[in-house]
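Enquirer: Got protein.pdb for you, PDB, C-alpha atoms:
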ATOM      1  CA  MET A   1       0.000   0.000   0.000
ATOM      2  CA  SER A   2       1.441   3.367  -0.963
ATOM      3  CA  ALA A   3       1.503   6.362   1.361
ATOM      4  CA  GLU A   4      -1.196   8.014  -0.763
ATOM      5  CA  GLU A   5      -3.417   4.931  -0.489
ATOM      6  CA  LEU A   6      -2.911   4.789   3.290
ATOM      7  CA  VAL A   7      -3.778   8.475   3.725
ATOM      8  CA  GLY A   8      -6.786   8.033   1.438
ATOM      9  CA  ALA A   9      -8.061   5.024   3.379
ATOM     10  CA  LEU A  10      -7.767   6.861   6.690
ATOM     11  CA  THR A  11      -9.358  10.103   5.491
ATOM     12  CA  ALA A  12     -12.229   8.229   3.821
ATOM     13  CA  ARG A  13     -13.593   7.410   7.294
ATOM     14  CA  PRO A  14     -13.381  10.702   9.256
ATOM     15  CA  GLU A  15     -16.093   9.493  11.639
ATOM     16  CA  ARG A  16     -13.668   6.836  12.913
ATOM     17  CA  PRO A  17     -10.537   8.743  13.942
ATOM     18  CA  VAL A  18      -7.490   6.735  14.952
ATOM     19  CA  GLY A  19      -6.159   7.739  18.373
ATOM     20  CA  LEU A  20      -3.018   5.608  18.531
ATOM     21  CA  SER A  21      -1.049   3.728  15.898
ATOM     22  CA  VAL A  22       1.842   1.539  17.039
ATOM     23  CA  LEU A  23       4.318   0.329  14.432
ATOM     24  CA  ALA A  24       6.672  -2.139  16.081
ATOM     25  CA  ALA A  25       8.450  -3.108  12.874
ATOM     26  CA  CYS A  26      11.527  -2.277  10.871
ATOM     27  CA  ASN A  27      12.117   1.362   9.947
ATOM     28  CA  SER A  28       8.450   2.330  10.182
ATOM     29  CA  GLY A  29       9.369   5.910  11.062
ATOM     30  CA  VAL A  30      12.006   6.374   8.372
ATOM     31  CA  PRO A  31      11.030   7.964   5.029
ATOM     32  CA  GLY A  32      11.236   5.747   1.960
ATOM     33  CA  ARG A  33      13.922   5.924  -0.678
ATOM     34  CA  GLY A  34      11.737   6.220  -3.752
ATOM     35  CA  HIS A  35       9.689   9.052  -5.191
ATOM     36  CA  ASP A  36       7.890   9.425  -1.846
ATOM     37  CA  GLU A  37      10.929  10.334   0.246
ATOM     38  CA  ALA A  38       9.008  12.666   2.575
ATOM     39  CA  PHE A  39       6.617   9.936   3.700
ATOM     40  CA  SER A  40       7.199   7.137   6.132
ATOM     41  CA  VAL A  41       4.465   4.817   7.325
ATOM     42  CA  ALA A  42       4.374   6.912  10.510
ATOM     43  CA  THR A  43       3.989  10.256   8.707
ATOM     44  CA  ALA A  44       1.374   8.767   6.368
ATOM     45  CA  LEU A  45      -0.650   7.716   9.420
ATOM     46  CA  LEU A  46      -0.324  11.207  10.896
ATOM     47  CA  ALA A  47      -1.317  12.804   7.582
ATOM     48  CA  GLY A  48      -4.317  10.492   7.469
ATOM     49  CA  GLY A  49      -5.532  11.668  10.853
ATOM     50  CA  SER A  50      -3.975   9.367  13.430
ATOM     51  CA  ARG A  51      -3.390  11.508  16.531
ATOM     52  CA  THR A  52      -0.376   9.603  17.851
ATOM     53  CA  VAL A  53       2.132   7.240  16.248
ATOM     54  CA  VAL A  54       4.858   5.155  17.861
ATOM     55  CA  SER A  55       7.326   3.858  15.287
ATOM     56  CA  THR A  56      10.943   2.791  14.801
ATOM     57  CA  LEU A  57      14.131   4.195  13.342
ATOM     58  CA  TRP A  58      15.770   0.851  12.565
ATOM     59  CA  SER A  59      15.137  -2.851  12.379
ATOM     60  CA  VAL A  60      14.283  -4.042  15.881
ATOM     61  CA  PRO A  61      14.754  -7.571  17.277
ATOM     62  CA  ASP A  62      11.589  -9.530  18.072
ATOM     63  CA  THR A  63      12.187 -10.700  21.644
ATOM     64  CA  PRO A  64      13.109  -7.434  23.376
ATOM     65  CA  THR A  65      10.615  -5.528  21.220
ATOM     66  CA  SER A  66       7.850  -7.847  22.421
ATOM     67  CA  ALA A  67       8.714  -7.094  26.062
ATOM     68  CA  LEU A  68       8.907  -3.349  25.347
ATOM     69  CA  MET A  69       5.551  -3.369  23.554
ATOM     70  CA  TYR A  70       3.942  -5.319  26.391
ATOM     71  CA  MET A  71       5.153  -2.721  28.881
ATOM     72  CA  PHE A  72       4.131   0.159  26.607
ATOM     73  CA  HIS A  73       0.571  -1.168  26.409
ATOM     74  CA  HIS A  74       0.622  -1.976  30.140
ATOM     75  CA  TYR A  75       1.406   1.666  30.907
ATOM     76  CA  VAL A  76      -1.212   2.969  28.429
ATOM     77  CA  ARG A  77      -4.058   0.602  29.305
ATOM     78  CA  ARG A  78      -3.521  -0.384  32.915
ATOM     79  CA  GLU A  79      -1.901   2.753  34.312
ATOM     80  CA  GLY A  80      -3.581   5.328  32.065
ATOM     81  CA  CYS A  81      -0.378   6.964  30.801
ATOM     82  CA  ARG A  82      -0.311   9.111  27.684
ATOM     83  CA  PRO A  83       1.471   7.261  24.847
ATOM     84  CA  LEU A  84       4.521   9.545  25.059
ATOM     85  CA  ASP A  85       4.899   8.854  28.783
ATOM     86  CA  ALA A  86       4.141   5.149  28.369
ATOM     87  CA  LEU A  87       6.891   4.771  25.779
ATOM     88  CA  HIS A  88       9.371   6.580  28.006
ATOM     89  CA  ARG A  89       8.444   4.466  31.014
ATOM     90  CA  ALA A  90       8.691   1.233  28.978
ATOM     91  CA  GLN A  91      12.144   2.235  27.690
ATOM     92  CA  VAL A  92      13.347   3.059  31.206
ATOM     93  CA  TRP A  93      11.893  -0.260  32.391
ATOM     94  CA  MET A  94      14.036  -2.048  29.792
ATOM     95  CA  LEU A  95      17.122  -0.351  31.232
ATOM     96  CA  THR A  96      16.399  -1.184  34.846
ATOM     97  CA  PRO A  97      18.256  -4.321  35.971
ATOM     98  CA  ASP A  98      16.012  -4.881  39.021
ATOM     99  CA  ARG A  99      12.791  -4.208  37.090
ATOM    100  CA  ARG A 100       9.454  -5.393  38.444
ATOM    101  CA  ILE A 101       7.854  -7.767  35.963
ATOM    102  CA  PRO A 102       4.052  -7.518  35.938
ATOM    103  CA  GLU A 103       2.301 -10.689  37.099
ATOM    104  CA  LYS A 104       0.228 -10.878  33.923
ATOM    105  CA  MET A 105       3.211 -10.666  31.564
ATOM    106  CA  PRO A 106       3.330 -13.965  29.637
ATOM    107  CA  GLU A 107       6.356 -16.102  30.431
ATOM    108  CA  PRO A 108       7.854 -15.982  26.885
ATOM    109  CA  LEU A 109       7.944 -12.158  27.062
ATOM    110  CA  ARG A 110       9.656 -11.947  30.433
ATOM    111  CA  PRO A 111      13.181 -10.637  29.923
ATOM    112  CA  ALA A 112      15.979 -12.037  32.031
ATOM    113  CA  SER A 113      15.877 -10.224  35.326
ATOM    114  CA  GLY A 114      18.981  -8.678  36.786
ATOM    115  CA  ARG A 115      20.308  -7.174  33.575
ATOM    116  CA  GLU A 116      19.377  -4.407  31.199
ATOM    117  CA  GLN A 117      18.216  -5.215  27.712
ATOM    118  CA  SER A 118      20.199  -4.610  24.547
ATOM    119  CA  ILE A 119      19.882  -1.061  23.213
ATOM    120  CA  ASP A 120      18.651  -2.182  19.777
ATOM    121  CA  GLY A 121      15.470  -3.572  21.342
ATOM    122  CA  TRP A 122      14.208  -0.347  22.905
ATOM    123  CA  ALA A 123      16.117   2.751  21.735
ATOM    124  CA  GLY A 124      14.843   2.790  18.162
ATOM    125  CA  PHE A 125      11.272   3.609  19.171
ATOM    126  CA  PHE A 126       9.954   7.167  19.073
ATOM    127  CA  HIS A 127       6.699   9.031  19.474
ATOM    128  CA  THR A 128       5.179  11.551  17.057
ATOM    129  CA  GLY A 129       1.897  13.408  17.204
ATOM    130  CA  ARG A 130      -0.085  14.443  20.272
TER
END
Can you present the structure in this file as structure tokens?

Expert:
Amino acid sequence: MSAEELVGALTARPERPVGLSVLAACNSGVPGRGHDEAFSVATALLAGGSRTVVSTLWSVPDTPTSALMYMFHHYVRREGCRPLDALHRAQVWMLTPDRRIPEKMPEPLRPASGREQSIDGWAGFFHTGR
């Protein structure tokens, strides 16, 4: 789907605004290299009306990204944080060696306690929008 098609699909349904878009995949916040260099998936979502987008600057590894995304959504849904604050808190959580792992976090997502996570699994994420 091109950036134009994505913007068109989002603006075709103005009665259903998108509050939060989370792109936990490779380079979703980086503009393309073709004729559409100003657009990334993240900026296309913003242009289409999404109020907030969380995306990445580089290819992120699956395992630590899964833990980060769990914590991000934990902070948004369970603790009522704004997406910007939730992302920050999730990133700090990844850096904290003696982190508290939520009881409901599935076992496969639980990072090894007692050590911080690799930088490539949390530092590439950023927030744009409101």

Enquirer: Counting only C-alpha atoms, I want the residues whose atoms come within 7 Å of (7.3, -7.7, 17.7) in the file frame, returned as a VMD selection string.

Expert: chain A and resid 24 to 25 62 to 63 65 to 66

Enquirer: Which value, in Å to one decimal, gives the distance between atom CA of Val54 of chain A and atom CA of Glu103 of chain A?

Expert: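 Going from atom CA of Val54 of chain A over to atom CA of Glu103 of chain A covers 25.1 Å.
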
Enquirer: For segment 78-93 of chain A, I'd like the enclosing box, axis-aligned and padded by 6 Å on every side, reported as lines of an AutoDock Vina configuration file with centre and edge lengths in Å to one decimal.

Expert:
center_x = 4.9
center_y = 4.6
center_z = 29.6
size_x = 28.9
size_y = 21.9
size_z = 21.5

Enquirer: What is the distance between atom CA of Gly124 of chain A and atom CA of Leu57 of chain A, in Å to one decimal?

Expert: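 Spanning atom CA of Gly124 of chain A to atom CA of Leu57 of chain A is a straight-line distance of 5.1 Å.
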
Enquirer: Counting only C-alpha atoms, which of A:Tyr70, A:Glu4, A:Leu10, A:Gly19 gets nearest to Met105 of chain A?

Expert: A:Tyr70

Enquirer: Go through A:Gln91, A:Thr96, A:Ser50, A:Ser59 one by one, measure the shortest atom-to-atom distance of each to Thr11 of chain A using all atoms listed in the file, and give the residue with the smallest value.

Expert: A:Ser50

Enquirer: For this structure, which residues satisfy the selection - the PyMOL selection byres ((chain A and resi 72) around 6) - when it is evaluated on the file as given? I want them as a list of chain:residue names.

Expert: A:Met69, A:Tyr70, A:Met71, A:His73, A:His74, A:Tyr75, A:Ala86, A:Leu87, A:Ala90

Enquirer: Please produce an output containing C-alpha atoms for each residue in the selection, written as a short mmCIF file (atom, residue, chain, number, x, y, z; two decimals), in the frame of the given file.

Expert:
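Saved file out_6.cif follows:
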data_model
loop_
_atom_site.label_atom_id
_atom_site.label_comp_id
_atom_site.auth_asym_id
_atom_site.auth_seq_id
_atom_site.Cartn_x
_atom_site.Cartn_y
_atom_site.Cartn_z
CA MET A 69 5.55 -3.37 23.55
CA TYR A 70 3.94 -5.32 26.39
CA MET A 71 5.15 -2.72 28.88
CA HIS A 73 0.57 -1.17 26.41
CA HIS A 74 0.62 -1.98 30.14
CA TYR A 75 1.41 1.67 30.91
CA ALA A 86 4.14 5.15 28.37
CA LEU A 87 6.89 4.77 25.78
CA ALA A 90 8.69 1.23 28.98
#

Enquirer: Just to confirm, what's the straight-line distance from atom CA of Ala123 of chain A to atom CA of Ser40 of chain A in Å (one decimal)?

Expert: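 Atom-to-atom, atom CA of Ala123 of chain A to atom CA of Ser40 of chain A, that is 18.5 Å.
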
Enquirer: Given only C-alpha atoms as the basis, pick out the residue of A:Leu20, A:Ala47, A:Val41, A:Ile101 nearest to Leu84 of chain A.

Expert: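 Result for the nearest residue to Leu84 of chain A: A:Leu20.
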
Enquirer: The PyMOL selection byres ((chain A and resi 5) around 12) - which residues does that actually catch in the file I just gave you? List them as JSON, numbers by chain.

Expert: {"A": [1, 2, 3, 4, 6, 7, 8, 9, 10, 11, 12, 39, 41, 44, 45, 47, 48]}
